[in-house]
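Comments concern the structure below.
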Number of protein chains: 2
Amino acid sequence: MVAKLPIKIHQRTRSDHASEVAEDYVEAIADAIEQRGVCRAVDLVKHFAVTHATVNNTIKRLERDGLVTTAPYQPVELTSAGRRLASQSRRRHEVVEAFLKKLGVSDQTAAVDSEGIEHHVSKETLAAMKRVLDRGWPQ
Amino acid sequence: MVAKLPIKIHQRTRSDHASEVAEDYVEAIADAIEQRGVCRAVDLVKHFAVTHATVNNTIKRLERDGLVTTAPYQPVELTSAGRRLASQSRRRHEVVEAFLKKLGVSDQTAAVDSEGIEHHVSKETLAAMKRVLDRGWPQ
DNA sequence: GCCCAAAGTTAGCCATGGCTAACTCCGGGT
DNA sequence: ACCCGGAGTTAGCCATGGCTAACTTTGGGC
């Protein structure tokens with residue numbers, strides 16, 4: 001298998017990586033805003049079980065990348081790009097999780113595995129999962 | 001969704017990350033040994049499309065972690081732990097890829113997506129996919 | 001109105017996994 | 001025999017995403 005389709009696959013795997021944290025964060029920020037009106041850094045601290053310092057670093061990167069806006073001691077806001085990414089990530093997440101449940105795995109496992117898997121599911125695979133949810137198994 | 005099952009999920013996602021590269025490497029090393037008798041660093045350079053220096057760093061980590069043995073200017077050997085991890089990773093990879101094909105996605109997409117997904121598939125989800133391959137779709 | 005705890009910030013550290021540049025080693029062809 | 005190019009090594013850099021420690025800000029309860 002060495003040197004079969006290697007370059008494109010691994011470069012994509014790497015660039016995917018770069019945006020996984022961003023996707024998780026905007027998703028969590030959108031959830032917090034929806035549920036509590038605003039998103040404070042401490043919400044993210046609790047959600048991801050990391051320190052305040054880490055959340056701060058990450059938010060700075062998100063701001064640099066145009067996904068959120070912040071001001072000192074103020075809640076985090078999503079830009080329109082951030083909102084777009086959030087809703088797209090959430091949809092992907094929901095489809096993957098529902099698909100795993102339909103596959104027959106426990107709710108617990110579906111919740112855990114979908115967190116990891118969602119970032120690696122292409123449009124085509126997502127569509128295939130969606131098809132199963134809408135119209136049942138192939139054949 | 002913030003603060004629902006948060007800690008365990010995200011800590012697992014992080015520790016998974018740590019071993020993804022290791023799994024990819026032992027898998028590639030096992031493949032090279034199988035196909036060409038030995039695995040040289042240059043095989044990994046080509047496979048992952050990274051530089052020699054990066055391969056060297058990674059091999060040092062793998063050696064530190066007891067997965068491979070090396071000597072200067074000699075091929076890379078897998079330890080028994082390395083072989084175990086390689087065959088387990090390969091099996092997981094094969095099941096995921098075959099499952100995606102059965103789901104109806106193209107061979108190309110199945111190859112690419114399985115690379116990313118394999119590292120996040122739990123025993124339970126893997127078993128569910130295996131069941132579909134062996135005995136067809138649920139119901 | 002003050003004061004304390006919670007929230008946020010900042011500085012500085014670490015490992016991972018990338019890179020370039022400059023070097024050394026080794027083996028095959030002339 | 002040598003020498004040259006490909007393979008391997010080493011040093012040093014960078015971004016990401018973690019951390020601790022020390023600090024400041026903010027706001028709610030007394």
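The chains in the structure tokens are called A, B, ... from first to last as shown; in each chain the residues are counted from 1, and the ligands are counted from 1 in the order shown.
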
Shell around region 19-26 of chain C at 8 Å using only C-alpha atoms (C1' of nucleotides), local window under 5 positions removed, as a PDB file with N, CA and C atoms (P, O5', C5', C4', C3', O3' and C1' of nucleotides), in the first residue's frame:
ATOM      1  N   THR B  51       9.296  15.284   4.713  1.00  0.00           N
ATOM      2  CA  THR B  51      10.738  15.286   4.502  1.00  0.00           C
ATOM      3  C   THR B  51      11.416  14.186   5.308  1.00  0.00           C
ATOM      4  N   TYR B  73      21.632   4.254   9.655  1.00  0.00           N
ATOM      5  CA  TYR B  73      21.778   3.797   8.271  1.00  0.00           C
ATOM      6  C   TYR B  73      21.253   2.389   8.056  1.00  0.00           C
TER       7      TYR B  73
ATOM      8  P    DG D   8      17.399   5.781   4.041  1.00  0.00           P
ATOM      9  O5'  DG D   8      18.285   6.680   5.022  1.00  0.00           O
ATOM     10  C5'  DG D   8      19.537   6.167   5.467  1.00  0.00           C
ATOM     11  C4'  DG D   8      20.190   7.176   6.378  1.00  0.00           C
ATOM     12  C3'  DG D   8      19.324   7.646   7.538  1.00  0.00           C
ATOM     13  O3'  DG D   8      20.007   7.299   8.737  1.00  0.00           O
ATOM     14  C1'  DG D   8      20.408   9.455   6.480  1.00  0.00           C
ATOM     15  P    DT D   9      19.456   7.688  10.160  1.00  0.00           P
ATOM     16  O5'  DT D   9      20.191   9.080  10.429  1.00  0.00           O
ATOM     17  C5'  DT D   9      21.620   9.104  10.498  1.00  0.00           C
ATOM     18  C4'  DT D   9      22.088  10.513  10.830  1.00  0.00           C
ATOM     19  C3'  DT D   9      21.439  11.119  12.080  1.00  0.00           C
ATOM     20  O3'  DT D   9      22.498  11.370  13.000  1.00  0.00           O
ATOM     21  C1'  DT D   9      21.479  12.675  10.266  1.00  0.00           C
ATOM     22  P    DT D  10      22.227  11.795  14.478  1.00  0.00           P
ATOM     23  O5'  DT D  10      22.308  13.387  14.405  1.00  0.00           O
ATOM     24  C5'  DT D  10      23.471  13.996  13.861  1.00  0.00           C
ATOM     25  C4'  DT D  10      23.245  15.494  13.786  1.00  0.00           C
ATOM     26  C3'  DT D  10      22.516  16.080  15.000  1.00  0.00           C
ATOM     27  O3'  DT D  10      23.377  17.054  15.559  1.00  0.00           O
ATOM     28  C1'  DT D  10      21.570  16.867  12.967  1.00  0.00           C
ATOM     29  P    DC D  13      17.206  28.812  16.116  1.00  0.00           P
ATOM     30  O5'  DC D  13      15.761  28.957  15.454  1.00  0.00           O
ATOM     31  C5'  DC D  13      15.653  29.449  14.127  1.00  0.00           C
ATOM     32  C4'  DC D  13      14.417  28.902  13.471  1.00  0.00           C
ATOM     33  C3'  DC D  13      13.117  29.222  14.207  1.00  0.00           C
ATOM     34  O3'  DC D  13      12.538  30.421  13.696  1.00  0.00           O
ATOM     35  C1'  DC D  13      13.133  27.005  13.290  1.00  0.00           C
ATOM     36  P    DC D  14      11.304  31.093  14.430  1.00  0.00           P
ATOM     37  O5'  DC D  14      10.041  30.249  13.942  1.00  0.00           O
ATOM     38  C5'  DC D  14       9.699  30.188  12.559  1.00  0.00           C
ATOM     39  C4'  DC D  14       8.471  29.308  12.420  1.00  0.00           C
ATOM     40  C3'  DC D  14       7.375  29.674  13.415  1.00  0.00           C
ATOM     41  O3'  DC D  14       6.242  30.184  12.740  1.00  0.00           O
ATOM     42  C1'  DC D  14       7.771  27.307  13.382  1.00  0.00           C
TER      43       DC D  14
END

Take chain A, superimpose it onto chain B by least squares using every C-alpha atom paired in sequence order, and output the result as a short mmCIF file (atom, residue, chain, number, x, y, z; two decimals) with N, CA and C atoms, in the first residue's frame.
data_model
loop_
_atom_site.label_atom_id
_atom_site.label_comp_id
_atom_site.auth_asym_id
_atom_site.auth_seq_id
_atom_site.Cartn_x
_atom_site.Cartn_y
_atom_site.Cartn_z
N MET A 1 -25.81 21.50 24.10
CA MET A 1 -24.91 20.35 24.13
C MET A 1 -23.68 20.63 24.99
N VAL A 2 -23.39 21.88 25.22
CA VAL A 2 -22.25 22.21 26.06
C VAL A 2 -22.40 21.53 27.40
N ALA A 3 -21.31 20.92 27.84
CA ALA A 3 -21.28 20.28 29.15
C ALA A 3 -22.15 19.02 29.26
N LYS A 4 -22.37 18.35 28.16
CA LYS A 4 -22.99 17.03 28.23
C LYS A 4 -21.94 16.02 27.81
N LEU A 5 -21.60 15.11 28.68
CA LEU A 5 -20.55 14.13 28.44
C LEU A 5 -19.23 14.76 28.02
N PRO A 6 -18.90 15.93 28.50
CA PRO A 6 -17.85 16.63 27.80
C PRO A 6 -16.47 16.09 28.08
N ILE A 7 -16.18 15.83 29.33
CA ILE A 7 -14.80 15.58 29.69
C ILE A 7 -14.27 14.31 29.04
N LYS A 8 -14.99 13.23 29.22
CA LYS A 8 -14.48 11.98 28.69
C LYS A 8 -14.30 12.02 27.17
N ILE A 9 -15.29 12.56 26.49
CA ILE A 9 -15.21 12.61 25.04
C ILE A 9 -13.97 13.36 24.57
N HIS A 10 -13.78 14.56 25.10
CA HIS A 10 -12.71 15.37 24.55
C HIS A 10 -11.34 14.90 25.00
N GLN A 11 -11.28 14.31 26.18
CA GLN A 11 -9.99 13.76 26.57
C GLN A 11 -9.63 12.57 25.71
N ARG A 12 -10.65 11.77 25.38
CA ARG A 12 -10.35 10.64 24.50
C ARG A 12 -9.95 11.11 23.11
N THR A 13 -10.66 12.12 22.62
CA THR A 13 -10.31 12.66 21.31
C THR A 13 -8.85 13.10 21.29
N ARG A 14 -8.42 13.73 22.39
CA ARG A 14 -7.03 14.20 22.43
C ARG A 14 -6.04 13.05 22.50
N SER A 15 -6.31 12.05 23.32
CA SER A 15 -5.33 10.97 23.43
C SER A 15 -5.32 10.13 22.16
N ASP A 16 -6.46 10.03 21.50
CA ASP A 16 -6.50 9.38 20.19
C ASP A 16 -5.49 10.03 19.25
N HIS A 17 -5.60 11.34 19.19
CA HIS A 17 -4.72 12.11 18.34
C HIS A 17 -3.27 11.71 18.48
N ALA A 18 -2.85 11.57 19.73
CA ALA A 18 -1.46 11.28 20.02
C ALA A 18 -0.97 10.04 19.30
N SER A 19 -1.85 9.06 19.11
CA SER A 19 -1.38 7.80 18.57
C SER A 19 -1.71 7.62 17.09
N GLU A 20 -2.38 8.58 16.49
CA GLU A 20 -2.75 8.42 15.08
C GLU A 20 -1.54 8.29 14.18
N VAL A 21 -0.57 9.15 14.38
CA VAL A 21 0.62 9.11 13.56
C VAL A 21 1.35 7.79 13.77
N ALA A 22 1.43 7.37 15.03
CA ALA A 22 2.08 6.10 15.33
C ALA A 22 1.40 4.96 14.57
N GLU A 23 0.09 4.94 14.59
CA GLU A 23 -0.63 3.86 13.90
C GLU A 23 -0.39 3.91 12.39
N ASP A 24 -0.44 5.11 11.82
CA ASP A 24 -0.20 5.23 10.39
C ASP A 24 1.20 4.75 10.03
N TYR A 25 2.17 5.09 10.89
CA TYR A 25 3.55 4.72 10.60
C TYR A 25 3.77 3.21 10.70
N VAL A 26 3.32 2.61 11.77
CA VAL A 26 3.57 1.17 11.89
C VAL A 26 2.85 0.41 10.77
N GLU A 27 1.70 0.91 10.38
CA GLU A 27 0.98 0.28 9.27
C GLU A 27 1.82 0.37 8.00
N ALA A 28 2.35 1.56 7.72
CA ALA A 28 3.15 1.75 6.52
C ALA A 28 4.44 0.94 6.58
N ILE A 29 5.03 0.87 7.76
CA ILE A 29 6.27 0.10 7.92
C ILE A 29 6.00 -1.38 7.66
N ALA A 30 4.90 -1.89 8.23
CA ALA A 30 4.55 -3.30 8.02
C ALA A 30 4.31 -3.57 6.54
N ASP A 31 3.63 -2.66 5.86
CA ASP A 31 3.38 -2.83 4.43
C ASP A 31 4.68 -2.89 3.65
N ALA A 32 5.59 -1.98 3.97
CA ALA A 32 6.86 -1.92 3.25
C ALA A 32 7.64 -3.21 3.45
N ILE A 33 7.67 -3.68 4.70
CA ILE A 33 8.41 -4.91 4.99
C ILE A 33 7.80 -6.09 4.22
N GLU A 34 6.46 -6.11 4.20
CA GLU A 34 5.78 -7.19 3.50
C GLU A 34 6.07 -7.16 1.99
N GLN A 35 6.10 -5.96 1.45
CA GLN A 35 6.21 -5.85 0.00
C GLN A 35 7.64 -5.83 -0.50
N ARG A 36 8.58 -5.32 0.33
CA ARG A 36 9.93 -5.17 -0.20
C ARG A 36 10.97 -5.84 0.69
N GLY A 37 10.51 -6.49 1.75
CA GLY A 37 11.45 -7.19 2.61
C GLY A 37 11.93 -6.34 3.76
N VAL A 38 12.23 -5.07 3.50
CA VAL A 38 12.66 -4.17 4.57
C VAL A 38 11.94 -2.84 4.41
N CYS A 39 11.98 -2.05 5.45
CA CYS A 39 11.45 -0.69 5.37
C CYS A 39 12.58 0.30 5.61
N ARG A 40 12.84 1.13 4.61
CA ARG A 40 13.83 2.19 4.74
C ARG A 40 13.08 3.49 4.96
N ALA A 41 13.76 4.45 5.59
CA ALA A 41 13.12 5.74 5.86
C ALA A 41 12.56 6.36 4.59
N VAL A 42 13.28 6.17 3.49
CA VAL A 42 12.83 6.79 2.25
C VAL A 42 11.47 6.26 1.80
N ASP A 43 11.15 5.03 2.15
CA ASP A 43 9.82 4.50 1.83
C ASP A 43 8.74 5.32 2.53
N LEU A 44 9.02 5.69 3.77
CA LEU A 44 8.05 6.47 4.54
C LEU A 44 7.98 7.90 4.03
N VAL A 45 9.14 8.43 3.61
CA VAL A 45 9.18 9.76 3.01
C VAL A 45 8.23 9.82 1.83
N LYS A 46 8.30 8.78 0.99
CA LYS A 46 7.42 8.76 -0.20
C LYS A 46 5.97 8.53 0.20
N HIS A 47 5.76 7.60 1.12
CA HIS A 47 4.39 7.25 1.48
C HIS A 47 3.63 8.43 2.07
N PHE A 48 4.28 9.17 2.98
CA PHE A 48 3.57 10.23 3.68
C PHE A 48 3.79 11.60 3.05
N ALA A 49 4.66 11.64 2.04
CA ALA A 49 4.94 12.91 1.38
C ALA A 49 5.41 13.97 2.37
N VAL A 50 6.31 13.56 3.25
CA VAL A 50 6.95 14.50 4.17
C VAL A 50 8.45 14.39 3.94
N THR A 51 9.23 15.23 4.64
CA THR A 51 10.66 15.23 4.42
C THR A 51 11.35 14.14 5.24
N HIS A 52 12.57 13.88 4.85
CA HIS A 52 13.41 12.94 5.57
C HIS A 52 13.54 13.32 7.05
N ALA A 53 13.68 14.60 7.29
CA ALA A 53 13.86 15.06 8.67
C ALA A 53 12.65 14.71 9.52
N THR A 54 11.49 14.90 8.95
CA THR A 54 10.25 14.60 9.68
C THR A 54 10.14 13.11 9.97
N VAL A 55 10.46 12.30 8.98
CA VAL A 55 10.42 10.86 9.19
C VAL A 55 11.38 10.45 10.31
N ASN A 56 12.54 11.05 10.31
CA ASN A 56 13.52 10.77 11.35
C ASN A 56 13.01 11.09 12.74
N ASN A 57 12.43 12.27 12.87
CA ASN A 57 11.84 12.66 14.16
C ASN A 57 10.81 11.65 14.62
N THR A 58 9.94 11.30 13.69
CA THR A 58 8.84 10.42 14.05
C THR A 58 9.35 9.04 14.45
N ILE A 59 10.31 8.53 13.69
CA ILE A 59 10.87 7.22 14.01
C ILE A 59 11.50 7.23 15.39
N LYS A 60 12.13 8.34 15.73
CA LYS A 60 12.71 8.45 17.08
C LYS A 60 11.63 8.33 18.14
N ARG A 61 10.52 8.98 17.91
CA ARG A 61 9.41 8.87 18.88
C ARG A 61 8.89 7.44 18.95
N LEU A 62 8.77 6.80 17.79
CA LEU A 62 8.27 5.43 17.78
C LEU A 62 9.23 4.51 18.53
N GLU A 63 10.53 4.77 18.36
CA GLU A 63 11.52 3.96 19.06
C GLU A 63 11.42 4.19 20.56
N ARG A 64 11.33 5.46 20.93
CA ARG A 64 11.17 5.81 22.35
C ARG A 64 9.96 5.09 22.94
N ASP A 65 8.89 4.96 22.13
CA ASP A 65 7.64 4.36 22.62
C ASP A 65 7.61 2.85 22.44
N GLY A 66 8.72 2.28 22.01
CA GLY A 66 8.82 0.82 21.98
C GLY A 66 8.11 0.15 20.81
N LEU A 67 7.88 0.88 19.75
CA LEU A 67 7.18 0.30 18.61
C LEU A 67 8.11 -0.15 17.49
N VAL A 68 9.30 0.47 17.41
CA VAL A 68 10.26 0.08 16.37
C VAL A 68 11.66 0.06 16.97
N THR A 69 12.57 -0.58 16.24
CA THR A 69 13.98 -0.48 16.57
C THR A 69 14.71 -0.01 15.32
N THR A 70 15.79 0.75 15.53
CA THR A 70 16.59 1.23 14.40
C THR A 70 18.04 1.31 14.80
N ALA A 71 18.90 1.36 13.82
CA ALA A 71 20.30 1.69 14.02
C ALA A 71 20.65 2.62 12.87
N PRO A 72 21.63 3.48 13.07
CA PRO A 72 21.96 4.46 12.03
C PRO A 72 22.18 3.79 10.67
N TYR A 73 21.56 4.34 9.65
CA TYR A 73 21.71 3.87 8.26
C TYR A 73 21.20 2.44 8.06
N GLN A 74 20.42 1.97 9.01
CA GLN A 74 19.84 0.63 8.87
C GLN A 74 18.33 0.74 8.67
N PRO A 75 17.71 -0.30 8.12
CA PRO A 75 16.26 -0.30 7.95
C PRO A 75 15.55 -0.24 9.30
N VAL A 76 14.28 0.13 9.26
CA VAL A 76 13.46 0.18 10.46
C VAL A 76 12.84 -1.20 10.68
N GLU A 77 12.91 -1.67 11.93
CA GLU A 77 12.28 -2.94 12.29
C GLU A 77 11.13 -2.68 13.24
N LEU A 78 10.10 -3.50 13.16
CA LEU A 78 9.01 -3.40 14.12
C LEU A 78 9.30 -4.28 15.32
N THR A 79 9.01 -3.80 16.51
CA THR A 79 9.02 -4.67 17.69
C THR A 79 7.74 -5.50 17.66
N SER A 80 7.62 -6.40 18.62
CA SER A 80 6.40 -7.20 18.63
C SER A 80 5.20 -6.30 18.94
N ALA A 81 5.40 -5.30 19.80
CA ALA A 81 4.31 -4.35 20.07
C ALA A 81 3.95 -3.59 18.79
N GLY A 82 4.98 -3.23 18.02
CA GLY A 82 4.74 -2.53 16.76
C GLY A 82 3.97 -3.39 15.78
N ARG A 83 4.36 -4.67 15.70
CA ARG A 83 3.65 -5.57 14.79
C ARG A 83 2.19 -5.74 15.21
N ARG A 84 1.98 -5.84 16.51
CA ARG A 84 0.63 -5.99 17.02
C ARG A 84 -0.21 -4.77 16.64
N LEU A 85 0.35 -3.58 16.90
CA LEU A 85 -0.39 -2.35 16.58
C LEU A 85 -0.66 -2.25 15.09
N ALA A 86 0.33 -2.64 14.28
CA ALA A 86 0.19 -2.55 12.83
C ALA A 86 -0.94 -3.41 12.33
N SER A 87 -1.00 -4.66 12.82
CA SER A 87 -2.00 -5.56 12.25
C SER A 87 -3.39 -5.17 12.73
N GLN A 88 -3.45 -4.67 13.95
CA GLN A 88 -4.73 -4.19 14.47
C GLN A 88 -5.21 -2.96 13.70
N SER A 89 -4.28 -2.05 13.41
CA SER A 89 -4.65 -0.85 12.65
C SER A 89 -5.08 -1.22 11.24
N ARG A 90 -4.33 -2.13 10.66
CA ARG A 90 -4.66 -2.51 9.29
C ARG A 90 -6.05 -3.14 9.21
N ARG A 91 -6.34 -4.01 10.16
CA ARG A 91 -7.64 -4.66 10.16
C ARG A 91 -8.75 -3.62 10.28
N ARG A 92 -8.57 -2.68 11.20
CA ARG A 92 -9.57 -1.63 11.38
C ARG A 92 -9.74 -0.84 10.09
N HIS A 93 -8.61 -0.50 9.49
CA HIS A 93 -8.63 0.26 8.25
C HIS A 93 -9.39 -0.48 7.16
N GLU A 94 -9.11 -1.78 7.04
CA GLU A 94 -9.75 -2.57 5.99
C GLU A 94 -11.25 -2.66 6.19
N VAL A 95 -11.66 -2.85 7.44
CA VAL A 95 -13.09 -2.95 7.72
C VAL A 95 -13.79 -1.63 7.37
N VAL A 96 -13.20 -0.53 7.81
CA VAL A 96 -13.82 0.78 7.56
C VAL A 96 -13.92 1.04 6.06
N GLU A 97 -12.84 0.76 5.34
CA GLU A 97 -12.83 1.04 3.91
C GLU A 97 -13.87 0.17 3.18
N ALA A 98 -13.90 -1.11 3.53
CA ALA A 98 -14.88 -2.01 2.89
C ALA A 98 -16.30 -1.59 3.23
N PHE A 99 -16.49 -1.16 4.46
CA PHE A 99 -17.83 -0.73 4.87
C PHE A 99 -18.28 0.49 4.06
N LEU A 100 -17.38 1.44 3.89
CA LEU A 100 -17.74 2.65 3.13
C LEU A 100 -18.09 2.29 1.70
N LYS A 101 -17.33 1.37 1.12
CA LYS A 101 -17.65 0.95 -0.25
C LYS A 101 -19.03 0.31 -0.29
N LYS A 102 -19.30 -0.53 0.69
CA LYS A 102 -20.60 -1.18 0.73
C LYS A 102 -21.73 -0.15 0.92
N LEU A 103 -21.38 0.94 1.60
CA LEU A 103 -22.36 2.02 1.79
C LEU A 103 -22.68 2.70 0.46
N GLY A 104 -21.78 2.53 -0.51
CA GLY A 104 -22.06 3.06 -1.83
C GLY A 104 -21.19 4.22 -2.26
N VAL A 105 -20.17 4.55 -1.47
CA VAL A 105 -19.30 5.64 -1.90
C VAL A 105 -18.24 5.11 -2.87
N SER A 106 -17.65 6.00 -3.64
CA SER A 106 -16.67 5.58 -4.64
C SER A 106 -15.42 5.01 -3.97
N ASP A 107 -14.65 4.23 -4.72
CA ASP A 107 -13.43 3.65 -4.19
C ASP A 107 -12.47 4.74 -3.72
N GLN A 108 -12.38 5.79 -4.53
CA GLN A 108 -11.53 6.93 -4.18
C GLN A 108 -11.90 7.49 -2.81
N THR A 109 -13.17 7.82 -2.66
CA THR A 109 -13.65 8.42 -1.42
C THR A 109 -13.48 7.47 -0.25
N ALA A 110 -13.78 6.19 -0.48
CA ALA A 110 -13.62 5.20 0.60
C ALA A 110 -12.16 5.16 1.06
N ALA A 111 -11.24 5.25 0.10
CA ALA A 111 -9.82 5.20 0.45
C ALA A 111 -9.44 6.43 1.28
N VAL A 112 -9.88 7.59 0.84
CA VAL A 112 -9.51 8.83 1.54
C VAL A 112 -10.18 8.90 2.91
N ASP A 113 -11.49 8.72 2.95
CA ASP A 113 -12.21 8.88 4.22
C ASP A 113 -11.79 7.85 5.25
N SER A 114 -11.53 6.62 4.81
CA SER A 114 -11.18 5.59 5.78
C SER A 114 -9.86 5.92 6.48
N GLU A 115 -8.96 6.60 5.78
CA GLU A 115 -7.70 7.03 6.40
C GLU A 115 -7.96 7.91 7.61
N GLY A 116 -8.92 8.82 7.47
CA GLY A 116 -9.20 9.73 8.58
C GLY A 116 -10.06 9.11 9.65
N ILE A 117 -11.01 8.30 9.21
CA ILE A 117 -12.03 7.78 10.13
C ILE A 117 -11.49 6.67 11.01
N GLU A 118 -10.61 5.83 10.49
CA GLU A 118 -10.22 4.60 11.17
C GLU A 118 -9.75 4.83 12.61
N HIS A 119 -9.13 5.97 12.84
CA HIS A 119 -8.57 6.20 14.17
C HIS A 119 -9.62 6.55 15.22
N HIS A 120 -10.84 6.76 14.79
CA HIS A 120 -11.87 7.21 15.72
C HIS A 120 -12.99 6.20 15.89
N VAL A 121 -12.78 5.01 15.32
CA VAL A 121 -13.80 3.99 15.37
C VAL A 121 -13.55 3.08 16.57
N SER A 122 -14.50 3.04 17.47
CA SER A 122 -14.38 2.20 18.67
C SER A 122 -14.59 0.73 18.31
N LYS A 123 -14.24 -0.12 19.25
CA LYS A 123 -14.48 -1.56 19.09
C LYS A 123 -15.93 -1.83 18.73
N GLU A 124 -16.84 -1.16 19.43
CA GLU A 124 -18.26 -1.43 19.21
C GLU A 124 -18.69 -1.06 17.79
N THR A 125 -18.27 0.12 17.34
CA THR A 125 -18.64 0.55 15.99
C THR A 125 -17.99 -0.33 14.93
N LEU A 126 -16.73 -0.71 15.20
CA LEU A 126 -16.05 -1.60 14.26
C LEU A 126 -16.80 -2.92 14.14
N ALA A 127 -17.26 -3.42 15.28
CA ALA A 127 -18.00 -4.68 15.27
C ALA A 127 -19.30 -4.54 14.47
N ALA A 128 -19.94 -3.38 14.61
CA ALA A 128 -21.19 -3.15 13.87
C ALA A 128 -20.93 -3.13 12.36
N MET A 129 -19.82 -2.51 11.97
CA MET A 129 -19.47 -2.48 10.54
C MET A 129 -19.14 -3.88 10.04
N LYS A 130 -18.39 -4.62 10.86
CA LYS A 130 -18.02 -5.98 10.50
C LYS A 130 -19.28 -6.84 10.30
N ARG A 131 -20.23 -6.65 11.17
CA ARG A 131 -21.48 -7.41 11.11
C ARG A 131 -22.16 -7.17 9.76
N VAL A 132 -22.17 -5.91 9.34
CA VAL A 132 -22.80 -5.58 8.05
C VAL A 132 -22.06 -6.28 6.91
N LEU A 133 -20.72 -6.26 6.98
CA LEU A 133 -19.94 -6.88 5.91
C LEU A 133 -20.19 -8.39 5.87
N ASP A 134 -20.34 -8.99 7.06
CA ASP A 134 -20.51 -10.45 7.13
C ASP A 134 -21.94 -10.89 6.85
N ARG A 135 -22.89 -10.11 7.37
CA ARG A 135 -24.26 -10.63 7.34
C ARG A 135 -25.26 -9.67 6.71
N GLY A 136 -24.78 -8.60 6.09
CA GLY A 136 -25.69 -7.68 5.40
C GLY A 136 -26.28 -6.63 6.32
N TRP A 137 -27.11 -5.78 5.77
CA TRP A 137 -27.65 -4.64 6.51
C TRP A 137 -28.62 -5.07 7.59
N PRO A 138 -28.76 -4.26 8.63
CA PRO A 138 -29.71 -4.56 9.71
C PRO A 138 -31.13 -4.73 9.17
N GLN A 139 -31.97 -5.38 9.94
CA GLN A 139 -33.40 -5.59 9.65
C GLN A 139 -33.74 -6.83 8.88
#

List every residue of region 2-139 of chain B that DSSP, applied to the backbone of this structure, assigns to strand (DSSP E), and report them as a PyMOL selection string. chain B and resi 68-69+77-78

Counting only C-alpha atoms (C1' of nucleotides), what is within 12 Å of region 1-3 of chain D, bar same-chain residues fewer than 2 positions away, as a PyMOL selection string? (chain C and resi 26-30) or (chain D and resi 5)

Can you work out which residues from chain C touch chain A at a cut-off of 9 Å (counting only C-alpha atoms (C1' of nucleotides)) and hand them back as a tab-separated table (two decimals) with N, CA and C atoms (P, O5', C5', C4', C3', O3' and C1' of nucleotides), in the first residue's frame?
chain	number	residue	atom	x	y	z
C	7	DA	P	-17.00	31.53	36.85
C	7	DA	O5'	-16.31	32.64	35.93
C	7	DA	C5'	-16.98	33.85	35.69
C	7	DA	C4'	-16.07	34.78	34.93
C	7	DA	C3'	-15.41	34.13	33.72
C	7	DA	O3'	-15.73	34.93	32.59
C	7	DA	C1'	-13.79	35.23	35.06
C	8	DG	P	-15.19	34.57	31.16
C	8	DG	O5'	-13.79	35.34	31.13
C	8	DG	C5'	-13.79	36.76	31.20
C	8	DG	C4'	-12.37	37.26	31.19
C	8	DG	C3'	-11.52	36.78	30.02
C	8	DG	O3'	-11.12	37.93	29.28
C	8	DG	C1'	-10.34	36.64	32.07
C	9	DT	P	-10.17	37.83	28.03
C	9	DT	O5'	-8.73	38.06	28.69
C	9	DT	C5'	-8.46	39.28	29.34
C	9	DT	C4'	-7.01	39.28	29.82
C	9	DT	C3'	-5.97	38.97	28.75
C	9	DT	O3'	-5.14	40.11	28.63
C	9	DT	C1'	-5.53	37.76	30.75
C	10	DT	P	-4.07	40.25	27.47
C	10	DT	O5'	-2.74	39.71	28.15
C	10	DT	C5'	-2.30	40.27	29.38
C	10	DT	C4'	-1.10	39.48	29.87
C	10	DT	C3'	-0.12	39.07	28.77
C	10	DT	O3'	1.14	39.63	29.10
C	10	DT	C1'	-0.61	37.24	30.20

Helix (DSSP H, G or I) per DSSP on the backbone: members of region 17-72 of chain B, as a PyMOL selection string: chain B and resi 17-36+41-48+52-64

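Interface residues on chain D toward chain A (cut-off 9 Å, only C-alpha atoms (C1' of nucleotides)): DT16, DG17, DG18, DC19, DT25 and DT26 of chain D.
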
Those same residues, written as a JSON list (two decimals), in the first residue's frame with C-alpha atoms (C1' of nucleotides)?
[["chain", "number", "residue", "atom", "x", "y", "z"],
["D", 16, "DT", "C1'", -0.77, 24.11, 17.19],
["D", 17, "DG", "C1'", -2.73, 23.08, 21.28],
["D", 18, "DG", "C1'", -1.92, 21.76, 25.74],
["D", 19, "DC", "C1'", -0.28, 23.31, 30.70],
["D", 25, "DT", "C1'", -10.88, 42.84, 35.91],
["D", 26, "DT", "C1'", -15.62, 42.48, 36.90]]
